[in-house]
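Notes to accompany the following structure.
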Amino acid sequence: MPIRMWTEQDIKVVFSLLQELNEALNEDQDIRMNDIVKHYNEMTKSKDIYENYVYEEDGAVIGFLSLIHYRSVYHKKGTTLINELVVLKGSRNKGIGGELLKYGIERAKEKGMDEIEVGVMKKNTKAIEFYKEHG
């Protein structure tokens with residue numbers, strides 16, 4: 001399967017994917033490599049809450065999926081938030097985003113969560129349309 005848990009060696013390419021997302025959204029997020037390294041180290045300590053995956057094709061990482069699992073009072077089993085889902089610009093519209101989304105939903109089911117949320121910026125109309133198309 002081309003989807004696997006991210007490793008420290010993936011940080012550089014995840015950094016590039018997030019920068020590409022930043023540019024595509026015309027955002028001015030201050031994305032720094034050392035922040036991603038810090039997040040990687042902190043998230044790795046809490047694997048029950050944070051899960052991060054990459055999509056690999058022919059040995060190259062071309063997609064990234066970030067999940068956050070948390071508990072709430074109403075949703076007793078818990079919620080999975082699809083926090084980030086990004087595919088390399090030249091690899092879009094090939095079903096990769098859909099595969100990552102499906103994988104995130106399966107992980108939520110495997111963890112016994114009873115709700116799935118998606119985090120998307122209001123002005124990211126392409127992402128909103130993507131999630132609508134995928135139900």
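So you can find residues: chains in the structure tokens are A, B, ... in the order shown, residues in each start at 1, and ligands are numbered from 1 in order.
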With only C-alpha atoms as the counted atoms, please give the residues lying no more than 7 Å from stretch 117-127 of chain A, apart from itself and same-chain residues fewer than 6 positions off, as a list in words. Leu25, Thr80, Leu81, Ile82 and Asn83 of chain A
Which residue gives the smallest distance to A:His39 among A:Ala24, A:Leu65, A:Val54, A:Ile11, with only C-alpha atoms counted? A:Ile11
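Near A:Gly98, within 10 Å and counting only C-alpha atoms, sit Leu85, Gly104, Phe130, Tyr131, Glu133 and His134 of chain A, not including residues fewer than 6 positions from it in the same chain.
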Please identify all polymer residues within 8 Å of A:Phe15, counting only C-alpha atoms, omitting same-chain residues fewer than 5 positions from it, and present them as a list in words. Ile31, Arg32, Met33 and Ile36 of chain A
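If you measure from each of A:Lys132, A:Glu56, A:Arg107, A:Val86 to A:Met1 using only C-alpha atoms, the closest one turns out to be A:Glu56.
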Backbone DSSP call of strand (DSSP E) for stretch 19-114 of chain A, listed as a PDB file with N, CA, C and O atoms, in the first residue's frame:
```
ATOM      1  N   TYR A  50      -2.288  11.698  17.703  1.00  0.00           N
ATOM      2  CA  TYR A  50      -1.836  12.189  16.399  1.00  0.00           C
ATOM      3  C   TYR A  50      -1.390  11.041  15.502  1.00  0.00           C
ATOM      4  O   TYR A  50      -0.614  10.185  15.917  1.00  0.00           O
ATOM      5  N   GLU A  51      -1.880  11.058  14.283  1.00  0.00           N
ATOM      6  CA  GLU A  51      -1.420  10.110  13.271  1.00  0.00           C
ATOM      7  C   GLU A  51      -1.148  10.907  11.998  1.00  0.00           C
ATOM      8  O   GLU A  51      -1.996  11.678  11.557  1.00  0.00           O
ATOM      9  N   ASN A  52       0.022  10.716  11.450  1.00  0.00           N
ATOM     10  CA  ASN A  52       0.418  11.410  10.227  1.00  0.00           C
ATOM     11  C   ASN A  52       0.907  10.388   9.218  1.00  0.00           C
ATOM     12  O   ASN A  52       1.704   9.504   9.558  1.00  0.00           O
ATOM     13  N   TYR A  53       0.424  10.513   7.995  1.00  0.00           N
ATOM     14  CA  TYR A  53       0.726   9.549   6.951  1.00  0.00           C
ATOM     15  C   TYR A  53       1.212  10.258   5.690  1.00  0.00           C
ATOM     16  O   TYR A  53       0.863  11.411   5.443  1.00  0.00           O
ATOM     17  N   VAL A  54       1.989   9.526   4.919  1.00  0.00           N
ATOM     18  CA  VAL A  54       2.401  10.017   3.607  1.00  0.00           C
ATOM     19  C   VAL A  54       1.942   9.019   2.558  1.00  0.00           C
ATOM     20  O   VAL A  54       1.753   7.831   2.840  1.00  0.00           O
ATOM     21  N   TYR A  55       1.739   9.522   1.366  1.00  0.00           N
ATOM     22  CA  TYR A  55       1.394   8.709   0.208  1.00  0.00           C
ATOM     23  C   TYR A  55       2.641   8.661  -0.661  1.00  0.00           C
ATOM     24  O   TYR A  55       3.178   9.698  -1.050  1.00  0.00           O
ATOM     25  N   GLU A  56       3.089   7.454  -0.946  1.00  0.00           N
ATOM     26  CA  GLU A  56       4.336   7.279  -1.678  1.00  0.00           C
ATOM     27  C   GLU A  56       4.077   6.605  -3.018  1.00  0.00           C
ATOM     28  O   GLU A  56       3.306   5.647  -3.099  1.00  0.00           O
ATOM     29  N   GLU A  57       4.706   7.136  -4.048  1.00  0.00           N
ATOM     30  CA  GLU A  57       4.578   6.557  -5.390  1.00  0.00           C
ATOM     31  C   GLU A  57       5.966   6.513  -6.017  1.00  0.00           C
ATOM     32  O   GLU A  57       6.648   7.539  -6.102  1.00  0.00           O
ATOM     33  N   ALA A  60       8.716   8.133  -4.069  1.00  0.00           N
ATOM     34  CA  ALA A  60       8.634   9.570  -3.775  1.00  0.00           C
ATOM     35  C   ALA A  60       7.346   9.866  -3.014  1.00  0.00           C
ATOM     36  O   ALA A  60       6.271   9.369  -3.372  1.00  0.00           O
ATOM     37  N   VAL A  61       7.456  10.690  -1.982  1.00  0.00           N
ATOM     38  CA  VAL A  61       6.282  11.109  -1.220  1.00  0.00           C
ATOM     39  C   VAL A  61       5.569  12.202  -1.996  1.00  0.00           C
ATOM     40  O   VAL A  61       6.170  13.212  -2.354  1.00  0.00           O
ATOM     41  N   ILE A  62       4.274  11.982  -2.267  1.00  0.00           N
ATOM     42  CA  ILE A  62       3.514  12.958  -3.046  1.00  0.00           C
ATOM     43  C   ILE A  62       2.230  13.400  -2.346  1.00  0.00           C
ATOM     44  O   ILE A  62       1.463  14.181  -2.902  1.00  0.00           O
ATOM     45  N   GLY A  63       2.010  12.911  -1.134  1.00  0.00           N
ATOM     46  CA  GLY A  63       0.817  13.311  -0.393  1.00  0.00           C
ATOM     47  C   GLY A  63       1.033  13.199   1.101  1.00  0.00           C
ATOM     48  O   GLY A  63       1.927  12.477   1.559  1.00  0.00           O
ATOM     49  N   PHE A  64       0.205  13.926   1.853  1.00  0.00           N
ATOM     50  CA  PHE A  64       0.327  13.963   3.309  1.00  0.00           C
ATOM     51  C   PHE A  64      -1.065  14.030   3.923  1.00  0.00           C
ATOM     52  O   PHE A  64      -1.933  14.761   3.428  1.00  0.00           O
ATOM     53  N   LEU A  65      -1.262  13.282   4.993  1.00  0.00           N
ATOM     54  CA  LEU A  65      -2.522  13.256   5.725  1.00  0.00           C
ATOM     55  C   LEU A  65      -2.220  13.351   7.206  1.00  0.00           C
ATOM     56  O   LEU A  65      -1.394  12.600   7.728  1.00  0.00           O
ATOM     57  N   SER A  66      -2.880  14.279   7.889  1.00  0.00           N
ATOM     58  CA  SER A  66      -2.696  14.459   9.328  1.00  0.00           C
ATOM     59  C   SER A  66      -4.041  14.281  10.026  1.00  0.00           C
ATOM     60  O   SER A  66      -5.021  14.954   9.697  1.00  0.00           O
ATOM     61  N   LEU A  67      -4.078  13.354  10.989  1.00  0.00           N
ATOM     62  CA  LEU A  67      -5.287  13.064  11.753  1.00  0.00           C
ATOM     63  C   LEU A  67      -5.072  13.397  13.218  1.00  0.00           C
ATOM     64  O   LEU A  67      -3.978  13.201  13.751  1.00  0.00           O
ATOM     65  N   ILE A  68      -6.130  13.873  13.852  1.00  0.00           N
ATOM     66  CA  ILE A  68      -6.118  14.116  15.295  1.00  0.00           C
ATOM     67  C   ILE A  68      -7.337  13.399  15.866  1.00  0.00           C
ATOM     68  O   ILE A  68      -8.462  13.632  15.424  1.00  0.00           O
ATOM     69  N   HIS A  69      -7.122  12.524  16.838  1.00  0.00           N
ATOM     70  CA  HIS A  69      -8.200  11.789  17.495  1.00  0.00           C
ATOM     71  C   HIS A  69      -8.403  12.400  18.879  1.00  0.00           C
ATOM     72  O   HIS A  69      -7.438  12.552  19.632  1.00  0.00           O
ATOM     73  N   TYR A  70      -9.651  12.736  19.200  1.00  0.00           N
ATOM     74  CA  TYR A  70      -9.898  13.318  20.525  1.00  0.00           C
ATOM     75  C   TYR A  70     -11.268  12.915  21.047  1.00  0.00           C
ATOM     76  O   TYR A  70     -12.130  12.441  20.310  1.00  0.00           O
ATOM     77  N   THR A  79     -13.850  11.642  18.312  1.00  0.00           N
ATOM     78  CA  THR A  79     -13.874  12.302  17.009  1.00  0.00           C
ATOM     79  C   THR A  79     -12.489  12.214  16.380  1.00  0.00           C
ATOM     80  O   THR A  79     -11.481  12.353  17.066  1.00  0.00           O
ATOM     81  N   THR A  80     -12.465  12.009  15.079  1.00  0.00           N
ATOM     82  CA  THR A  80     -11.223  12.118  14.318  1.00  0.00           C
ATOM     83  C   THR A  80     -11.331  13.353  13.441  1.00  0.00           C
ATOM     84  O   THR A  80     -12.303  13.514  12.698  1.00  0.00           O
ATOM     85  N   LEU A  81     -10.344  14.211  13.556  1.00  0.00           N
ATOM     86  CA  LEU A  81     -10.264  15.408  12.729  1.00  0.00           C
ATOM     87  C   LEU A  81      -9.250  15.167  11.622  1.00  0.00           C
ATOM     88  O   LEU A  81      -8.100  14.815  11.891  1.00  0.00           O
ATOM     89  N   ILE A  82      -9.708  15.307  10.380  1.00  0.00           N
ATOM     90  CA  ILE A  82      -8.784  15.298   9.250  1.00  0.00           C
ATOM     91  C   ILE A  82      -8.272  16.723   9.170  1.00  0.00           C
ATOM     92  O   ILE A  82      -8.950  17.619   8.683  1.00  0.00           O
ATOM     93  N   ASN A  83      -7.092  16.920   9.709  1.00  0.00           N
ATOM     94  CA  ASN A  83      -6.552  18.256   9.921  1.00  0.00           C
ATOM     95  C   ASN A  83      -5.849  18.801   8.687  1.00  0.00           C
ATOM     96  O   ASN A  83      -5.992  19.972   8.364  1.00  0.00           O
ATOM     97  N   GLU A  84      -5.100  17.958   8.017  1.00  0.00           N
ATOM     98  CA  GLU A  84      -4.398  18.374   6.809  1.00  0.00           C
ATOM     99  C   GLU A  84      -4.407  17.223   5.814  1.00  0.00           C
ATOM    100  O   GLU A  84      -4.166  16.082   6.190  1.00  0.00           O
ATOM    101  N   LEU A  85      -4.706  17.550   4.585  1.00  0.00           N
ATOM    102  CA  LEU A  85      -4.635  16.592   3.500  1.00  0.00           C
ATOM    103  C   LEU A  85      -4.145  17.386   2.301  1.00  0.00           C
ATOM    104  O   LEU A  85      -4.805  18.320   1.851  1.00  0.00           O
ATOM    105  N   VAL A  86      -2.965  17.034   1.824  1.00  0.00           N
ATOM    106  CA  VAL A  86      -2.388  17.778   0.705  1.00  0.00           C
ATOM    107  C   VAL A  86      -1.695  16.798  -0.239  1.00  0.00           C
ATOM    108  O   VAL A  86      -1.076  15.834   0.196  1.00  0.00           O
ATOM    109  N   VAL A  87      -1.853  17.051  -1.534  1.00  0.00           N
ATOM    110  CA  VAL A  87      -1.234  16.233  -2.575  1.00  0.00           C
ATOM    111  C   VAL A  87      -0.387  17.156  -3.444  1.00  0.00           C
ATOM    112  O   VAL A  87      -0.802  18.278  -3.758  1.00  0.00           O
TER     113      VAL A  87
END
```
Every residue of stretch 15-135 of chain A that DSSP places in helix (DSSP H, G or I), as a short mmCIF file (atom, residue, chain, number, x, y, z; two decimals) with N, CA and C atoms, in the first residue's frame:
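Output saved as selection37.cif:
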```cif
data_model
loop_
_atom_site.label_atom_id
_atom_site.label_comp_id
_atom_site.auth_asym_id
_atom_site.auth_seq_id
_atom_site.Cartn_x
_atom_site.Cartn_y
_atom_site.Cartn_z
N PHE A 15 7.36 19.40 4.56
CA PHE A 15 7.60 20.84 4.57
C PHE A 15 7.31 21.45 3.20
N SER A 16 7.81 20.82 2.14
CA SER A 16 7.57 21.30 0.78
C SER A 16 6.09 21.25 0.42
N LEU A 17 5.41 20.17 0.80
CA LEU A 17 3.98 20.06 0.51
C LEU A 17 3.19 21.17 1.22
N LEU A 18 3.54 21.44 2.46
CA LEU A 18 2.84 22.49 3.21
C LEU A 18 3.13 23.87 2.63
N GLN A 19 4.34 24.08 2.15
CA GLN A 19 4.66 25.35 1.48
C GLN A 19 3.85 25.49 0.19
N GLU A 20 3.72 24.39 -0.54
CA GLU A 20 2.94 24.40 -1.76
C GLU A 20 1.47 24.72 -1.45
N LEU A 21 0.95 24.15 -0.38
CA LEU A 21 -0.42 24.44 0.05
C LEU A 21 -0.55 25.92 0.41
N ASN A 22 0.42 26.43 1.12
CA ASN A 22 0.45 27.83 1.51
C ASN A 22 0.36 28.76 0.29
N GLU A 23 1.15 28.44 -0.72
CA GLU A 23 1.16 29.24 -1.95
C GLU A 23 -0.16 29.11 -2.72
N ALA A 24 -0.69 27.89 -2.79
CA ALA A 24 -1.94 27.66 -3.51
C ALA A 24 -3.10 28.43 -2.88
N MET A 33 10.90 24.86 8.93
CA MET A 33 11.36 23.48 9.07
C MET A 33 11.52 23.09 10.54
N ASN A 34 12.10 23.96 11.33
CA ASN A 34 12.32 23.61 12.74
C ASN A 34 11.01 23.43 13.50
N ASP A 35 9.94 24.12 13.08
CA ASP A 35 8.63 23.92 13.70
C ASP A 35 8.07 22.55 13.35
N ILE A 36 8.25 22.14 12.10
CA ILE A 36 7.77 20.82 11.69
C ILE A 36 8.53 19.73 12.43
N VAL A 37 9.82 19.90 12.59
CA VAL A 37 10.62 18.94 13.35
C VAL A 37 10.11 18.87 14.79
N LYS A 38 9.85 20.03 15.38
CA LYS A 38 9.34 20.09 16.76
C LYS A 38 7.98 19.39 16.85
N HIS A 39 7.09 19.67 15.89
CA HIS A 39 5.77 19.02 15.88
C HIS A 39 5.92 17.51 15.70
N TYR A 40 6.80 17.11 14.81
CA TYR A 40 7.03 15.68 14.59
C TYR A 40 7.42 15.01 15.90
N ASN A 41 8.37 15.60 16.60
CA ASN A 41 8.83 15.01 17.85
C ASN A 41 7.73 14.96 18.91
N GLU A 42 6.94 16.01 19.02
CA GLU A 42 5.86 16.04 20.00
C GLU A 42 4.73 15.08 19.62
N MET A 43 4.37 15.07 18.35
CA MET A 43 3.29 14.20 17.90
C MET A 43 3.66 12.72 18.04
N THR A 44 4.91 12.40 17.82
CA THR A 44 5.37 11.03 17.94
C THR A 44 5.22 10.52 19.37
N LYS A 45 5.26 11.40 20.33
CA LYS A 45 5.09 11.02 21.74
C LYS A 45 3.64 10.70 22.07
N LYS A 89 1.17 19.16 -6.27
CA LYS A 89 0.43 19.81 -7.36
C LYS A 89 0.39 18.96 -8.63
N GLY A 90 1.50 18.45 -9.07
CA GLY A 90 1.56 17.66 -10.30
C GLY A 90 0.92 16.29 -10.19
N SER A 91 0.52 15.89 -8.99
CA SER A 91 -0.08 14.57 -8.78
C SER A 91 -1.56 14.64 -8.43
N ILE A 96 -5.50 10.33 -5.59
CA ILE A 96 -4.64 10.18 -4.41
C ILE A 96 -5.28 10.81 -3.18
N GLY A 97 -5.83 12.00 -3.34
CA GLY A 97 -6.51 12.66 -2.22
C GLY A 97 -7.67 11.81 -1.72
N GLY A 98 -8.41 11.21 -2.64
CA GLY A 98 -9.52 10.33 -2.26
C GLY A 98 -9.04 9.12 -1.49
N GLU A 99 -7.91 8.56 -1.91
CA GLU A 99 -7.34 7.41 -1.19
C GLU A 99 -6.90 7.80 0.22
N LEU A 100 -6.28 8.98 0.34
CA LEU A 100 -5.87 9.45 1.66
C LEU A 100 -7.09 9.70 2.55
N LEU A 101 -8.12 10.29 1.99
CA LEU A 101 -9.34 10.54 2.75
C LEU A 101 -9.96 9.23 3.21
N LYS A 102 -10.08 8.29 2.30
CA LYS A 102 -10.64 6.97 2.64
C LYS A 102 -9.81 6.31 3.75
N TYR A 103 -8.51 6.44 3.67
CA TYR A 103 -7.63 5.86 4.68
C TYR A 103 -7.88 6.51 6.04
N GLY A 104 -8.03 7.82 6.05
CA GLY A 104 -8.31 8.54 7.30
C GLY A 104 -9.63 8.10 7.92
N ILE A 105 -10.63 7.90 7.08
CA ILE A 105 -11.93 7.44 7.57
C ILE A 105 -11.81 6.03 8.15
N GLU A 106 -11.07 5.17 7.47
CA GLU A 106 -10.86 3.81 7.97
C GLU A 106 -10.13 3.81 9.31
N ARG A 107 -9.13 4.68 9.44
CA ARG A 107 -8.40 4.77 10.71
C ARG A 107 -9.34 5.21 11.83
N ALA A 108 -10.24 6.13 11.55
CA ALA A 108 -11.21 6.58 12.55
C ALA A 108 -12.10 5.42 12.97
N LYS A 109 -12.55 4.63 12.00
CA LYS A 109 -13.38 3.47 12.32
C LYS A 109 -12.61 2.45 13.15
N GLU A 110 -11.36 2.20 12.76
CA GLU A 110 -10.54 1.24 13.49
C GLU A 110 -10.32 1.67 14.93
N THR A 125 -11.89 26.77 -1.71
CA THR A 125 -13.06 26.22 -2.39
C THR A 125 -12.77 24.87 -3.06
N LYS A 126 -11.55 24.67 -3.54
CA LYS A 126 -11.21 23.39 -4.16
C LYS A 126 -11.29 22.26 -3.14
N ALA A 127 -10.78 22.51 -1.93
CA ALA A 127 -10.84 21.47 -0.88
C ALA A 127 -12.27 21.23 -0.45
N ILE A 128 -13.05 22.28 -0.31
CA ILE A 128 -14.46 22.13 0.08
C ILE A 128 -15.19 21.31 -0.96
N GLU A 129 -14.96 21.59 -2.22
CA GLU A 129 -15.59 20.82 -3.29
C GLU A 129 -15.14 19.37 -3.26
N PHE A 130 -13.85 19.15 -3.01
CA PHE A 130 -13.29 17.79 -2.90
C PHE A 130 -14.02 17.00 -1.82
N TYR A 131 -14.17 17.60 -0.63
CA TYR A 131 -14.82 16.89 0.47
C TYR A 131 -16.29 16.66 0.18
N LYS A 132 -16.94 17.59 -0.46
CA LYS A 132 -18.36 17.40 -0.84
C LYS A 132 -18.50 16.24 -1.82
N GLU A 133 -17.59 16.19 -2.80
CA GLU A 133 -17.63 15.12 -3.80
C GLU A 133 -17.43 13.74 -3.18
#
```
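The spacing separating atom CA of A:Asp10 from atom CA of A:Ile116 amounts to 25.7 Å.
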So that I can see what lies close to A:Lys77, please list as a PyMOL selection string the residues with an atom at most 6 Å from it, counting only C-alpha atoms and leaving out residues fewer than 2 positions away in the same chain. chain A and resi 75+113-114
Write a file of the selected residues as a PDB file, in the first residue's frame, keeping N, CA, C and O atoms.
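What follows is the written file again-v4.pdb:
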```pdb
ATOM      1  N   HIS A  75     -19.821  13.142  21.895  1.00  0.00           N
ATOM      2  CA  HIS A  75     -19.386  11.998  21.088  1.00  0.00           C
ATOM      3  C   HIS A  75     -18.521  11.106  21.964  1.00  0.00           C
ATOM      4  O   HIS A  75     -17.308  11.222  21.992  1.00  0.00           O
ATOM      5  N   MET A 113     -13.970   5.607  16.643  1.00  0.00           N
ATOM      6  CA  MET A 113     -14.529   6.951  16.741  1.00  0.00           C
ATOM      7  C   MET A 113     -15.934   6.979  16.143  1.00  0.00           C
ATOM      8  O   MET A 113     -16.253   6.210  15.250  1.00  0.00           O
ATOM      9  N   ASP A 114     -16.794   7.859  16.665  1.00  0.00           N
ATOM     10  CA  ASP A 114     -18.147   7.927  16.120  1.00  0.00           C
ATOM     11  C   ASP A 114     -18.414   9.219  15.360  1.00  0.00           C
ATOM     12  O   ASP A 114     -19.542   9.466  14.941  1.00  0.00           O
TER      13      ASP A 114
END
```
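Pairwise distance (atom CA of A:Arg4, atom CA of A:Ile49) equals 16.8 Å.
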